[in-house]
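First comes the structure, then the notes that go with it.
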Amino acid sequence: MLIALLIFTTGGPTANAQFAGPSTWFDQWFTPSQPRRPAAPPGYYYYRRAAPPKRHVAQPRPAVQVATPDRPAVAPSYFVTVLGDALGDLLGQGLVEAFADRPEVSVTRKTRDSSGLVRDDFYDWPKTVHDLLAGNEKINMAVILIGSNDHQPMRVGNVTYEPGSPKWIETYTARIADISQAFQEKNIPLIWVGLPIVKSERLSAEFLTYNDFYRAQAEKAGAAYVDIWEAFENDHSQYDAFGPDVNGQTVRIRTADGVNFTKAGARKLAHFVESDIRRALDATEPKVDPAVVTVPAEPSPDAPAGAAAQPVAAVPAPKPVAGPVLPLTGPTSAPGGQLVTRVKNKADADRTLIDHALVDAKPPAPKPGRADNFAWPRPETSPSP
């Protein structure tokens, strides 16, 4: 009993256990004590771990509106009219994109889907062309691409002719000539674009025949003919829905029907007509000598009122940043169109040293003082008289 009293009064876990309840004393007596943090050595301090910094979410800045100078509006001064069927319409779309950087060029599409030169009862193209040229619409150049719907019988009067028959060919070529001559009479340049290769081999063979008709009649009327057949072939001279675009990247250029063009294909199609239009456009622009710039004369501030302005000498124009773009793959030609050849002079006419040595097998004539001069006695060693 004495031992229990001593434990109760002095041996408890804490001196304050006598003030705690029974359960509290029991927990403190039988619960293992938590390890205490060891005492820090002198000069050492414990630091509480800092809370992680809050993430700063940047607020979007309001868009700054930058005032851009308005470009002066340029009125169209060169008008290109595109005629034809659905392929002609795609050609017109490509030309609109090609001349987006030339606001002075206006490209107008006067095309009709499902039309051609056979079914004049559906759409009469020769009559349409004559009515167009009889109007007041300004046309500087015309481009036509047609014929993809012409594989069908032709009805003339009460008689129907099958494709490829002599009367069919005669009437078809006459309609081509009628359109070409109509532009020739109005002195309007015409570019007739041939049909491209298509997926169907049978249609491709007929399109080649049509292209021969277009070429022959266009040349008779003085129109230009653009052949695009090889441009849309692959390396094996076959149809391919994929090919290089105007930037050289391989993309899909033909649609699933095997006839029409995608947007990239239409732009490539226009590329072969674009160069002819740009040449004609550059020919119509006035020629200005870039070497001299005329400076308007201004009266001197010290001159009396009414005095004539002093003439100002012309100053040379600043040099351009880059020179003209020259093709690296095309043949070099002279201004007259002839291939550049080496100009022969008098030295070319004479036989050269190589001709004597390699052709005639004769050594060159020795010269005094040269190592190949074996004449004896030498002039410098001859005895004095």
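All residue names refer to the structure tokens as shown: chains lettered A, B, ... in order, residues numbered from 1 in each chain, ligands numbered from 1 in order.
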*Run DSSP on the backbone and grab whatever in region 132-321 of chain A lands in strand (DSSP E); send it over as a list in words.*
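Residues of region 132-321 of chain A classed as strand (DSSP E): Met141, Ala142, Val143, Ile144, Leu145, Met154, Arg155, Val156, Val159, Thr160, Tyr161, Leu190, Ile191, Trp192, Val193, Ala224, Tyr225, Val226, Phe242, Gly243, Pro244, Thr250, Val251, Arg252, Val292, Val293, Val315 and Pro316 of chain A.
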field: Neighbour list for region 90-98 of chain A as a PyMOL selection string, cut-off 6 Å, only C-alpha atoms, skip fewer than 6 positions in-chain
entry: chain A and resi 82+107+109+266-267+270
As a check of understanding: the span from CA of Ala86 (chain A) to CA of Ala224 (chain A) is 21.0 Å
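Considering only C-alpha atoms, the residue among A:Leu269, A:Ala280, A:Val246, A:Ile169 positioned nearest to Asp212 (chain A) is A:Ile169.
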Quick one: contact table of region 85-119 of chain A to region 172-195 of chain A, 12 Å max, nearest atom pair and distance in Å to one decimal per residue, counting only C-alpha atoms, chain and number order, as CSV?
residue,atom,partner,partner_atom,distance
A:Asp85,CA,A:Leu195,CA,11.2
A:Ala86,CA,A:Leu195,CA,11.7
A:Leu87,CA,A:Leu195,CA,8.6
A:Gly88,CA,A:Val193,CA,8.9
A:Leu91,CA,A:Val193,CA,9.5
A:Gly92,CA,A:Val193,CA,11.8
A:Gly116,CA,A:Tyr172,CA,10.2
A:Leu117,CA,A:Tyr172,CA,6.8
A:Val118,CA,A:Tyr172,CA,7.0
A:Arg119,CA,A:Tyr172,CA,10.5
Using only C-alpha atoms, please write the residues we just selected to a file, as a PDB file, in the first residue's frame.
ATOM      1  CA  ASP A  85     -16.474  25.310-118.966  1.00  0.00           C
ATOM      2  CA  ALA A  86     -15.771  24.135-115.409  1.00  0.00           C
ATOM      3  CA  LEU A  87     -12.062  23.774-116.167  1.00  0.00           C
ATOM      4  CA  GLY A  88     -12.055  27.306-117.518  1.00  0.00           C
ATOM      5  CA  LEU A  91      -8.372  28.537-114.488  1.00  0.00           C
ATOM      6  CA  GLY A  92     -10.032  31.875-113.767  1.00  0.00           C
ATOM      7  CA  GLY A 116     -18.930  23.039-124.651  1.00  0.00           C
ATOM      8  CA  LEU A 117     -18.683  23.459-128.381  1.00  0.00           C
ATOM      9  CA  VAL A 118     -20.975  20.518-129.255  1.00  0.00           C
ATOM     10  CA  ARG A 119     -24.322  21.254-127.584  1.00  0.00           C
TER      11      ARG A 119
END
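Using only C-alpha atoms for every distance, the candidate list A:Ser148, A:Thr81, A:Ala221, A:Asp89 yields A:Thr81 as the residue closest to Val129 (chain A).
Proximity of A:Leu132, A:Arg370, A:Lys199, A:Arg278 to Phe99 (chain A), computed with only C-alpha atoms, is greatest for A:Arg278.
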Non-local contacts of Asn140 (chain A) (8 Å; only C-alpha atoms; under 2 positions in same chain excluded) as a PyMOL selection string:
chain A and resi 78-80+138+142+188-189
Prev. selection, N, CA, C and O atoms, output as a CSV table (one decimal), in the first residue's frame:
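Below you can see part13.csv, which holds the result:
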chain,number,residue,atom,x,y,z
A,78,TYR,N,-6.2,47.0,-116.6
A,78,TYR,CA,-5.9,45.9,-117.6
A,78,TYR,C,-7.0,44.8,-117.3
A,78,TYR,O,-7.0,44.3,-116.1
A,79,PHE,N,-7.7,44.4,-118.3
A,79,PHE,CA,-8.9,43.6,-118.1
A,79,PHE,C,-8.7,42.3,-118.8
A,79,PHE,O,-8.4,42.3,-120.0
A,80,VAL,N,-8.8,41.2,-118.1
A,80,VAL,CA,-8.6,39.8,-118.6
A,80,VAL,C,-9.9,39.1,-118.4
A,80,VAL,O,-10.5,39.0,-117.4
A,138,LYS,N,-14.8,46.3,-121.7
A,138,LYS,CA,-13.4,46.5,-122.1
A,138,LYS,C,-12.6,45.2,-121.8
A,138,LYS,O,-12.7,44.6,-120.8
A,142,ALA,N,-8.1,37.8,-123.7
A,142,ALA,CA,-9.1,36.8,-123.4
A,142,ALA,C,-8.3,35.5,-123.3
A,142,ALA,O,-7.3,35.2,-124.0
A,188,ILE,N,-8.0,41.7,-130.2
A,188,ILE,CA,-7.9,41.3,-128.8
A,188,ILE,C,-7.1,40.1,-128.7
A,188,ILE,O,-7.4,39.1,-129.3
A,189,PRO,N,-5.9,40.1,-128.0
A,189,PRO,CA,-5.1,38.9,-127.9
A,189,PRO,C,-5.9,37.7,-127.2
A,189,PRO,O,-6.6,38.0,-126.3
Any idea what the distance is between CA of Pro103 (chain A) and CA of Glu137 (chain A)?
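Taking CA of Pro103 (chain A) as the start and CA of Glu137 (chain A) as the end point, the length is 18.5 Å.
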> Quick one: distance from CA of Ala231 (chain A) to CA of Phe213 (chain A) in Å, one decimal?
Replying inline: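 Distance reported for this atom pair: 19.6 Å.
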